[in-house]
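So this one's protein_28.txt, compact mmCIF, C-alpha atoms and all ligand atoms:
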# COMPACT_ATOMS: atom_id res chain seq x y z
CA MET X 1 76.76 108.01 174.40
CA ILE X 2 79.67 109.07 176.64
CA GLU X 3 81.44 110.70 173.69
CA ARG X 4 78.29 112.58 172.73
CA ILE X 5 77.76 113.89 176.27
CA VAL X 6 81.44 114.84 176.64
CA HIS X 7 81.36 116.82 173.39
CA GLU X 8 78.06 118.52 174.24
CA GLN X 9 79.51 119.70 177.54
CA LEU X 10 82.68 120.85 175.75
CA ASP X 11 80.46 122.83 173.34
CA ASP X 12 79.03 124.54 176.43
CA LEU X 13 82.55 125.21 177.71
CA GLU X 14 83.48 126.81 174.41
CA LYS X 15 80.33 128.95 174.54
CA ALA X 16 81.07 130.01 178.12
CA GLY X 17 84.52 131.12 176.97
CA PRO X 18 87.88 131.47 178.72
CA GLY X 19 87.58 131.84 182.50
CA ALA X 20 84.74 129.29 182.70
CA ASP X 21 84.47 126.87 185.61
CA LEU X 22 85.35 123.39 184.35
CA VAL X 23 83.72 121.72 187.38
CA GLU X 24 80.34 123.31 186.82
CA ILE X 25 80.25 122.90 183.04
CA PHE X 26 82.21 119.73 182.45
CA THR X 27 83.52 117.51 185.23
CA ASP X 28 80.43 117.46 187.48
CA SER X 29 77.98 117.37 184.58
CA VAL X 30 79.46 114.58 182.43
CA PRO X 31 79.30 111.63 184.89
CA ALA X 32 75.90 112.76 186.19
CA ARG X 33 74.48 112.98 182.67
CA VAL X 34 75.97 109.59 181.73
CA MET X 35 74.49 107.81 184.77
CA CYS X 36 71.14 109.56 184.29
CA GLU X 37 70.98 108.29 180.70
CA MET X 38 72.01 104.80 181.79
CA ILE X 39 69.08 104.53 184.18
CA GLY X 40 66.62 106.79 182.37
CA VAL X 41 66.52 109.78 184.76
CA PRO X 42 65.06 112.83 182.97
CA GLU X 43 67.43 115.78 182.55
CA THR X 44 65.05 117.98 184.58
CA GLU X 45 65.85 115.96 187.73
CA ARG X 46 69.65 115.92 187.30
CA LYS X 47 70.73 119.15 188.99
CA SER X 48 68.71 118.51 192.16
CA LEU X 49 70.09 114.95 192.37
CA GLN X 50 73.62 116.35 191.95
CA ARG X 51 72.94 118.72 194.87
CA HIS X 52 71.67 115.88 197.10
CA VAL X 53 74.66 113.65 196.32
CA GLU X 54 77.05 116.55 196.92
CA THR X 55 75.45 117.29 200.29
CA LEU X 56 75.63 113.66 201.38
CA GLY X 57 79.31 113.47 200.44
CA ARG X 58 80.21 116.57 202.50
CA LEU X 59 81.64 115.57 205.87
CA SER X 60 80.64 118.87 207.44
CA CYS X 61 76.99 118.50 206.40
CA THR X 62 74.61 119.08 209.30
CA VAL X 63 71.84 116.67 210.31
CA PRO X 64 69.08 118.96 208.89
CA GLU X 65 71.04 119.26 205.62
CA ALA X 66 71.51 115.48 205.42
CA LEU X 67 67.83 114.88 206.21
CA ALA X 68 66.77 117.34 203.51
CA ALA X 69 69.03 115.61 200.97
CA VAL X 70 67.79 112.14 201.93
CA THR X 71 64.18 113.34 201.78
CA GLY X 72 64.78 114.88 198.37
CA MET X 73 66.42 111.72 197.09
CA SER X 74 63.70 109.44 198.55
CA GLY X 75 60.99 111.64 197.08
CA PHE X 76 62.59 111.33 193.66
CA LEU X 77 62.98 107.53 193.99
CA ALA X 78 59.38 107.11 195.14
CA ARG X 79 58.19 108.86 191.95
CA PHE X 80 60.78 107.53 189.56
CA VAL X 81 61.02 103.78 190.31
CA PRO X 82 57.27 102.92 190.23
CA GLU X 83 56.96 104.92 186.99
CA LYS X 84 59.81 102.87 185.45
CA MET X 85 58.27 99.64 186.76
CA ALA X 86 55.06 100.53 184.93
CA GLY X 87 56.97 101.06 181.65
CA PRO X 88 60.55 99.70 181.72
CA ARG X 89 62.85 101.21 179.11
CA ASP X 90 65.80 99.72 177.30
CA ASP X 91 68.38 100.65 179.94
CA ILE X 92 70.00 99.23 183.09
CA LEU X 93 66.99 99.85 185.29
CA GLY X 94 64.69 98.40 182.61
CA ASP X 95 66.83 95.23 182.53
CA LEU X 96 66.71 94.91 186.32
CA ILE X 97 62.93 95.37 186.32
CA ARG X 98 62.40 92.84 183.53
CA GLY X 99 64.73 90.41 185.35
CA GLY X 100 61.97 90.23 187.96
CA GLN X 101 64.27 89.42 190.89
CA LEU X 102 64.10 92.76 192.71
CA ASP X 103 61.13 94.31 194.46
CA GLU X 104 60.34 98.05 194.42
CA LYS X 105 62.32 98.78 197.57
CA GLU X 106 65.39 96.95 196.27
CA LEU X 107 65.16 98.75 192.94
CA MET X 108 64.99 102.07 194.77
CA GLY X 109 68.07 101.16 196.82
CA LEU X 110 70.03 100.09 193.79
CA THR X 111 69.04 103.21 191.84
CA ALA X 112 70.23 105.36 194.75
CA THR X 113 73.49 103.38 194.90
CA LEU X 114 74.15 103.91 191.19
CA ILE X 115 73.45 107.64 191.45
CA THR X 116 75.48 108.25 194.61
CA GLY X 117 78.26 105.87 193.47
CA ALA X 118 78.74 107.50 190.09
CA PHE X 119 78.29 111.26 190.42
CA ASP X 120 80.85 112.78 192.79
CA THR X 121 83.47 110.04 192.50
CA THR X 122 83.92 110.31 188.76
CA GLY X 123 83.34 114.07 188.70
CA ASN X 124 86.05 114.75 191.29
CA MET X 125 88.44 112.35 189.62
CA LEU X 126 87.86 113.97 186.23
CA ALA X 127 88.49 117.44 187.70
CA MET X 128 91.39 116.45 189.91
CA GLY X 129 93.00 114.66 186.96
CA VAL X 130 92.77 117.78 184.78
CA TYR X 131 94.19 119.93 187.59
CA THR X 132 97.05 117.47 188.11
CA LEU X 133 97.91 117.19 184.42
CA LEU X 134 97.93 120.99 184.12
CA GLU X 135 100.30 121.07 187.10
CA HIS X 136 102.55 118.46 185.43
CA PRO X 137 102.98 119.94 181.94
CA ASP X 138 105.71 117.43 181.00
CA GLN X 139 103.29 114.55 181.65
CA LEU X 140 100.47 116.30 179.80
CA ALA X 141 102.73 116.95 176.80
CA LYS X 142 103.72 113.27 176.78
CA LEU X 143 100.06 112.25 176.80
CA GLN X 144 99.16 114.72 174.05
CA GLU X 145 102.01 113.36 171.91
CA ASP X 146 101.03 109.74 172.42
CA PRO X 147 97.30 109.08 173.01
CA GLU X 148 98.14 105.36 173.41
CA LEU X 149 99.35 106.29 176.89
CA MET X 150 95.81 107.21 177.98
CA GLY X 151 94.93 103.86 179.63
CA GLY X 152 98.10 103.94 181.74
CA ALA X 153 97.67 107.66 182.47
CA VAL X 154 94.19 107.05 183.89
CA GLU X 155 95.54 104.28 186.15
CA GLU X 156 98.43 106.45 187.29
CA LEU X 157 96.13 109.39 188.04
CA LEU X 158 93.83 107.08 190.00
CA ARG X 159 96.83 105.85 192.03
CA PHE X 160 98.50 109.22 192.46
CA LEU X 161 95.32 111.04 193.50
CA THR X 162 93.32 108.34 195.34
CA ILE X 163 90.37 110.68 195.68
CA SER X 164 88.49 108.23 197.98
CA HIS X 165 90.91 109.42 200.63
CA LEU X 166 89.04 108.10 203.66
CA GLY X 167 89.74 104.52 202.71
CA ALA X 168 87.72 101.32 202.38
CA SER X 169 86.40 99.40 205.38
CA ARG X 170 85.88 95.71 206.12
CA TRP X 171 84.61 93.69 209.08
CA ALA X 172 86.87 90.90 210.27
CA LEU X 173 84.97 87.60 209.94
CA GLU X 174 87.41 85.90 212.33
CA ASP X 175 90.35 86.86 214.53
CA VAL X 176 93.27 87.86 212.31
CA GLU X 177 96.92 88.40 213.26
CA PHE X 178 98.40 91.15 211.13
CA ALA X 179 101.65 93.09 211.54
CA GLY X 180 101.86 92.20 215.24
CA GLN X 181 98.23 93.22 215.90
CA THR X 182 95.20 91.07 216.56
CA ILE X 183 92.15 92.22 214.69
CA LYS X 184 89.24 90.62 216.51
CA LYS X 185 86.25 89.02 214.81
CA GLY X 186 83.62 91.74 214.23
CA GLU X 187 86.05 94.65 214.38
CA VAL X 188 86.11 97.12 211.52
CA VAL X 189 89.35 97.75 209.70
CA THR X 190 89.73 100.78 207.46
CA VAL X 191 92.48 100.59 204.90
CA ALA X 192 94.03 103.98 204.15
CA LEU X 193 93.95 103.80 200.37
CA PRO X 194 96.16 106.89 199.79
CA ALA X 195 98.88 105.34 201.98
CA VAL X 196 98.68 102.01 200.14
CA ASN X 197 98.86 103.75 196.79
CA ARG X 198 101.98 105.71 197.80
CA ASP X 199 103.70 102.75 199.48
CA PRO X 200 107.45 103.03 198.69
CA GLU X 201 107.79 99.25 199.04
CA ARG X 202 105.26 98.79 196.29
CA TYR X 203 105.99 101.70 193.94
CA ALA X 204 109.28 103.15 192.84
CA ASP X 205 109.30 106.88 193.60
CA PRO X 206 105.62 106.79 194.68
CA ASP X 207 105.16 110.56 195.02
CA ARG X 208 106.07 111.13 191.38
CA LEU X 209 103.35 111.25 188.72
CA ASP X 210 104.54 109.09 185.85
CA ILE X 211 101.89 108.31 183.25
CA ALA X 212 104.17 105.70 181.65
CA ARG X 213 104.52 103.81 184.96
CA LYS X 214 104.14 100.08 184.55
CA ASP X 215 103.62 99.00 188.18
CA HIS X 216 99.85 99.50 188.46
CA GLY X 217 97.62 97.36 190.67
CA HIS X 218 96.56 100.32 192.85
CA LEU X 219 93.65 100.24 195.32
CA ALA X 220 92.02 103.52 194.26
CA LEU X 221 88.91 101.54 193.28
CA GLY X 222 89.10 99.14 196.21
CA HIS X 223 89.79 95.44 196.16
CA GLY X 224 88.12 92.03 196.21
CA VAL X 225 84.45 91.25 195.99
CA HIS X 226 83.38 94.78 196.98
CA GLN X 227 85.74 96.62 194.65
CA CYS X 228 84.12 99.48 192.77
CA LEU X 229 81.14 98.29 190.78
CA GLY X 230 81.42 101.21 188.37
CA GLN X 231 85.16 101.04 187.74
CA HIS X 232 84.99 100.23 184.03
CA LEU X 233 82.43 102.94 183.45
CA ALA X 234 84.59 105.37 185.44
CA ARG X 235 87.71 104.47 183.45
CA THR X 236 85.81 104.98 180.18
CA ILE X 237 84.42 108.37 181.23
CA LEU X 238 87.88 109.48 182.39
CA SER X 239 89.68 108.40 179.19
CA VAL X 240 87.06 109.84 176.87
CA GLY X 241 86.83 113.01 178.97
CA TYR X 242 90.58 113.75 179.23
CA GLU X 243 91.19 112.92 175.58
CA ALA X 244 88.37 115.09 174.21
CA LEU X 245 89.14 118.01 176.55
CA PHE X 246 92.84 118.24 175.67
CA ASP X 247 92.11 117.58 171.99
CA ARG X 248 89.66 120.44 171.70
CA PHE X 249 91.52 122.79 174.08
CA PRO X 250 95.18 121.88 173.55
CA GLY X 251 96.36 125.08 175.25
CA LEU X 252 94.07 124.70 178.28
CA ARG X 253 95.49 126.24 181.46
CA LEU X 254 94.33 127.32 184.91
CA ALA X 255 92.84 130.81 185.02
CA VAL X 256 93.98 131.29 188.63
CA PRO X 257 97.20 130.31 190.44
CA ALA X 258 97.09 126.58 191.27
CA ASP X 259 97.20 127.15 195.03
CA GLU X 260 94.10 129.35 194.78
CA VAL X 261 91.93 126.54 193.39
CA PRO X 262 89.45 125.78 196.20
CA MET X 263 89.48 122.11 197.17
CA ARG X 264 86.71 119.84 198.45
CA ASP X 265 88.88 118.63 201.29
CA ASP X 266 85.87 118.14 203.57
CA TYR X 267 84.25 115.56 201.30
CA VAL X 268 84.33 111.76 201.13
CA HIS X 269 85.87 112.13 197.65
CA TYR X 270 88.55 114.76 197.15
CA GLY X 271 88.54 117.22 194.25
CA PRO X 272 88.36 120.89 193.26
CA ARG X 273 85.26 122.83 194.27
CA SER X 274 85.69 124.88 191.11
CA LEU X 275 88.34 124.92 188.41
CA PRO X 276 88.52 128.17 186.44
CA VAL X 277 90.27 127.48 183.14
CA THR X 278 91.32 129.53 180.19
CA TRP X 279 92.64 129.01 176.68
CA ASP X 280 93.54 131.02 173.61
CA ASP X 281 90.46 131.59 171.45
C1 LIG U 1 86.82 107.47 189.48
C2 LIG U 1 85.63 107.17 189.94
C3 LIG U 1 85.38 106.23 191.10
C4 LIG U 1 86.14 106.00 192.22
C5 LIG U 1 87.49 106.64 192.59
C6 LIG U 1 85.45 105.01 193.01
C7 LIG U 1 85.93 104.49 194.20
C8 LIG U 1 85.33 103.45 194.86
C9 LIG U 1 85.89 102.81 196.04
C10 LIG U 1 87.22 103.14 196.69
C11 LIG U 1 85.01 101.86 196.43
C12 LIG U 1 85.17 100.92 197.64
C13 LIG U 1 85.72 99.59 197.17
C14 LIG U 1 86.07 98.64 198.26
O1 LIG U 1 85.54 98.75 199.38
O2 LIG U 1 86.87 97.72 197.99
C15 LIG U 1 83.88 101.90 195.51
C16 LIG U 1 82.78 101.10 195.59
C17 LIG U 1 81.66 101.25 194.81
N1 LIG U 1 81.52 102.06 193.70
FE1 LIG U 1 82.93 103.30 192.99
N2 LIG U 1 84.28 104.70 192.37
C18 LIG U 1 84.20 105.41 191.20
C19 LIG U 1 83.17 105.36 190.26
C20 LIG U 1 82.00 104.66 190.40
C21 LIG U 1 80.90 104.66 189.46
C22 LIG U 1 80.90 105.35 188.11
C23 LIG U 1 79.90 103.89 190.01
C24 LIG U 1 78.53 103.56 189.47
C25 LIG U 1 78.29 102.98 188.36
C26 LIG U 1 80.39 103.39 191.28
C27 LIG U 1 79.69 102.56 192.12
C28 LIG U 1 80.25 101.91 193.22
C29 LIG U 1 79.51 100.95 194.03
C30 LIG U 1 78.08 100.52 193.84
C31 LIG U 1 80.41 100.52 195.02
C32 LIG U 1 80.14 99.52 196.15
C33 LIG U 1 80.59 98.13 195.72
C34 LIG U 1 80.35 97.11 196.79
O3 LIG U 1 80.33 97.45 197.99
O4 LIG U 1 80.19 95.92 196.45
N3 LIG U 1 81.66 103.89 191.48
N4 LIG U 1 84.11 102.87 194.56
If you took the structure in this file and wrote it as structure tokens, what would it be?
Ligand code: HEM
Amino acid sequence: MIERIVHEQLDDLEKAGPGADLVEIFTDSVPARVMCEMIGVPETERKSLQRHVETLGRLSCTVPEALAAVTGMSGFLARFVPEKMAGPRDDILGDLIRGGQLDEKELMGLTATLITGAFDTTGNMLAMGVYTLLEHPDQLAKLQEDPELMGGAVEELLRFLTISHLGASRWALEDVEFAGQTIKKGEVVTVALPAVNRDPERYADPDRLDIARKDHGHLALGHGVHQCLGQHLARTILSVGYEALFDRFPGLRLAVPADEVPMRDDYVHYGPRSLPVTWDD
């Protein structure tokens, strides 16, 4: 299903022609379409859900904007979940409904979590990964020569980019002494994931992108019991997406100078706002 969606979006990219925006046509659309299919959201609802998720992930979003996005999302859930409960399909949501352990409110919450968890994270990572590979042509050439490197390349891009740049938070369940500090029971600690993933004591030459790097074990997807629920799905979408894109457009390049690519630096997850690309027809 992921391969089909990836190739359909690449067909659209080909149709749009050189100069097209990869974010609009490919990187934002693929993860959203995949998650929508996994929980049975009709295609007609996708774009408005993408807009709501994007708004909620923007740190500069105003209270009226956030309220409008939450209202839009709740309105969708209030229509969608009862309809699915009346006729569960053969998908994740259908399984959860048939499992009979969750009530309507819980199913709505979980559906919202899957949508908000999957869309912008994976979309930004897909786009940021493409941008980064295009900016590291030696690494891209290595990957194109040896597709076996893809698994490691995805891990290295996750580490190198750490798009969830605001970190992951935990409450201390008891007083903890750490690095000469006392973290008191009930206090919140936010771990700066980008700093961890570029720790020179952990990684040799941490600021270098090296897709053949062996020392993985990054925290780009969190850690412990609350580590990213969608990590295997994300890894699959990223591998399939990068492979198909560079296979079908081997000469892909940025259509604007790299430092003119506008970045979503005011979002929970970092990535390009748009990514104009070109190739030789
Ligand atoms: C490259 C893409 C992704 C990145 C970088 C990412 C990153 C993260 C991070 C950093 C966390 C916090 C982990 C922690 O606190 O230890 C997290 C949690 C989570 N992610 Fe992802 N994620 C991605 C894709 C996805 C996808 C595709 C889904 C949906 C299927 C998803 C659903 C979730 C959920 C539900 C949680 C909360 C888990 C919990 O609190 O128990 N994520 N993700």
### Message
Would you compute the distance between CA of Trp279 (chain X) and CA of Leu245 (chain X)? Give it in Å to one decimal.
### Response
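These atoms are spaced 11.5 Å apart.
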### Summary
For ligand LIG 1 (chain U), the closest of X:Lys105, X:Arg58, X:Lys84, X:His218 counting all atoms listed in the file is X:His218
I'd like a table as a tab-separated table: residues in chain X with an atom no more than 6 Å from ligand LIG 1 (chain U), each row giving the shortest atom pair and its distance in Å to one decimal, only C-alpha atoms and all ligand atoms counted, sorted by chain and rising residue number.
residue	atom	partner	partner_atom	distance
X:Thr113	CA	U:LIG1	C30	5.5
X:Leu114	CA	U:LIG1	C24	4.7
X:Gly117	CA	U:LIG1	C27	3.9
X:Ala118	CA	U:LIG1	C21	3.6
X:Thr121	CA	U:LIG1	C2	4.4
X:Thr122	CA	U:LIG1	C2	3.8
X:Met125	CA	U:LIG1	C1	5.1
X:Ile163	CA	U:LIG1	C5	5.8
X:Ser164	CA	U:LIG1	C10	5.4
X:Ala168	CA	U:LIG1	O1	4.5
X:Ala220	CA	U:LIG1	C10	5.4
X:Leu221	CA	U:LIG1	C10	4.1
X:Gly222	CA	U:LIG1	O2	3.2
X:His223	CA	U:LIG1	O2	4.1
X:His226	CA	U:LIG1	O4	3.4
X:Gln227	CA	U:LIG1	O2	3.7
X:Cys228	CA	U:LIG1	C16	3.5
X:Leu229	CA	U:LIG1	C28	4.5
X:Gly230	CA	U:LIG1	C23	3.5
X:Gln231	CA	U:LIG1	C19	5.4
X:Leu233	CA	U:LIG1	C22	5.5
X:Ala234	CA	U:LIG1	C22	4.6
Return as AutoDock Vina command-line options the centre and edge lengths, in Å with one decimal, of the box along x, y and z that encloses every atom of region 178-187 of chain X in the file, padded by 5 Å per side.
--center_x 92.7 --center_y 91.8 --center_z 213.8 --size_x 28.2 --size_y 15.6 --size_z 15.4
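When all atoms listed in the file are used to compute distances to Ala141 (chain X), the closest of the residues X:Pro18, X:Pro206, X:Gly251, X:Pro276 turns out to be X:Gly251.
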How about completing region 120-152 of chain X with N, CA and C atoms and giving it to me as a compact mmCIF listing (two decimals), keeping the file's coordinate frame?
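The resulting file, part09.txt, is reproduced below:
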# COMPACT_ATOMS: atom_id res chain seq x y z
N ASP X 120 79.75 112.00 192.22
CA ASP X 120 80.85 112.78 192.79
C ASP X 120 82.20 112.11 192.61
N THR X 121 82.21 110.79 192.68
CA THR X 121 83.47 110.04 192.50
C THR X 121 84.10 110.41 191.16
N THR X 122 83.36 110.14 190.10
CA THR X 122 83.92 110.31 188.76
C THR X 122 84.13 111.79 188.45
N GLY X 123 83.20 112.64 188.94
CA GLY X 123 83.34 114.07 188.70
C GLY X 123 84.60 114.62 189.35
N ASN X 124 84.84 114.26 190.60
CA ASN X 124 86.05 114.75 191.29
C ASN X 124 87.31 114.20 190.66
N MET X 125 87.25 112.96 190.23
CA MET X 125 88.44 112.35 189.62
C MET X 125 88.75 113.01 188.27
N LEU X 126 87.68 113.31 187.52
CA LEU X 126 87.86 113.97 186.23
C LEU X 126 88.52 115.34 186.47
N ALA X 127 87.98 116.09 187.43
CA ALA X 127 88.49 117.44 187.70
C ALA X 127 89.89 117.42 188.29
N MET X 128 90.09 116.52 189.24
CA MET X 128 91.39 116.45 189.91
C MET X 128 92.47 116.00 188.92
N GLY X 129 92.07 115.13 187.99
CA GLY X 129 93.00 114.66 186.96
C GLY X 129 93.42 115.80 186.04
N VAL X 130 92.45 116.64 185.65
CA VAL X 130 92.77 117.78 184.78
C VAL X 130 93.72 118.72 185.53
N TYR X 131 93.36 119.03 186.77
CA TYR X 131 94.19 119.93 187.59
C TYR X 131 95.62 119.38 187.67
N THR X 132 95.73 118.09 187.93
CA THR X 132 97.05 117.47 188.11
C THR X 132 97.85 117.46 186.81
N LEU X 133 97.19 117.18 185.71
CA LEU X 133 97.91 117.19 184.42
C LEU X 133 98.37 118.61 184.09
N LEU X 134 97.52 119.60 184.40
CA LEU X 134 97.93 120.99 184.12
C LEU X 134 99.11 121.39 185.01
N GLU X 135 99.20 120.78 186.18
CA GLU X 135 100.30 121.07 187.10
C GLU X 135 101.54 120.24 186.79
N HIS X 136 101.42 119.29 185.87
CA HIS X 136 102.55 118.46 185.43
C HIS X 136 102.66 118.55 183.91
N PRO X 137 103.04 119.73 183.39
CA PRO X 137 102.98 119.94 181.94
C PRO X 137 103.82 118.94 181.14
N ASP X 138 104.91 118.43 181.73
CA ASP X 138 105.71 117.43 181.00
C ASP X 138 104.89 116.17 180.76
N GLN X 139 104.11 115.76 181.78
CA GLN X 139 103.29 114.55 181.65
C GLN X 139 102.14 114.79 180.66
N LEU X 140 101.56 115.98 180.72
CA LEU X 140 100.47 116.30 179.80
C LEU X 140 100.98 116.31 178.36
N ALA X 141 102.17 116.89 178.16
CA ALA X 141 102.73 116.95 176.80
C ALA X 141 102.98 115.53 176.28
N LYS X 142 103.46 114.67 177.16
CA LYS X 142 103.72 113.27 176.78
C LYS X 142 102.41 112.59 176.34
N LEU X 143 101.36 112.85 177.09
CA LEU X 143 100.06 112.25 176.80
C LEU X 143 99.49 112.81 175.50
N GLN X 144 99.69 114.11 175.28
CA GLN X 144 99.16 114.72 174.05
C GLN X 144 99.91 114.21 172.82
N GLU X 145 101.21 113.90 173.02
CA GLU X 145 102.01 113.36 171.91
C GLU X 145 101.62 111.93 171.58
N ASP X 146 101.28 111.16 172.62
CA ASP X 146 101.03 109.74 172.42
C ASP X 146 99.73 109.31 173.12
N PRO X 147 98.59 109.42 172.40
CA PRO X 147 97.30 109.08 173.01
C PRO X 147 97.22 107.62 173.49
N GLU X 148 98.12 106.77 172.96
CA GLU X 148 98.14 105.36 173.41
C GLU X 148 98.43 105.25 174.91
N LEU X 149 99.01 106.33 175.46
CA LEU X 149 99.35 106.29 176.89
C LEU X 149 98.13 106.52 177.79
N MET X 150 96.97 106.81 177.18
CA MET X 150 95.81 107.21 177.98
C MET X 150 95.41 106.17 179.05
N GLY X 151 95.35 104.89 178.66
CA GLY X 151 94.93 103.86 179.63
C GLY X 151 95.82 103.89 180.86
N GLY X 152 97.14 103.92 180.64
CA GLY X 152 98.10 103.94 181.74
C GLY X 152 98.01 105.25 182.53
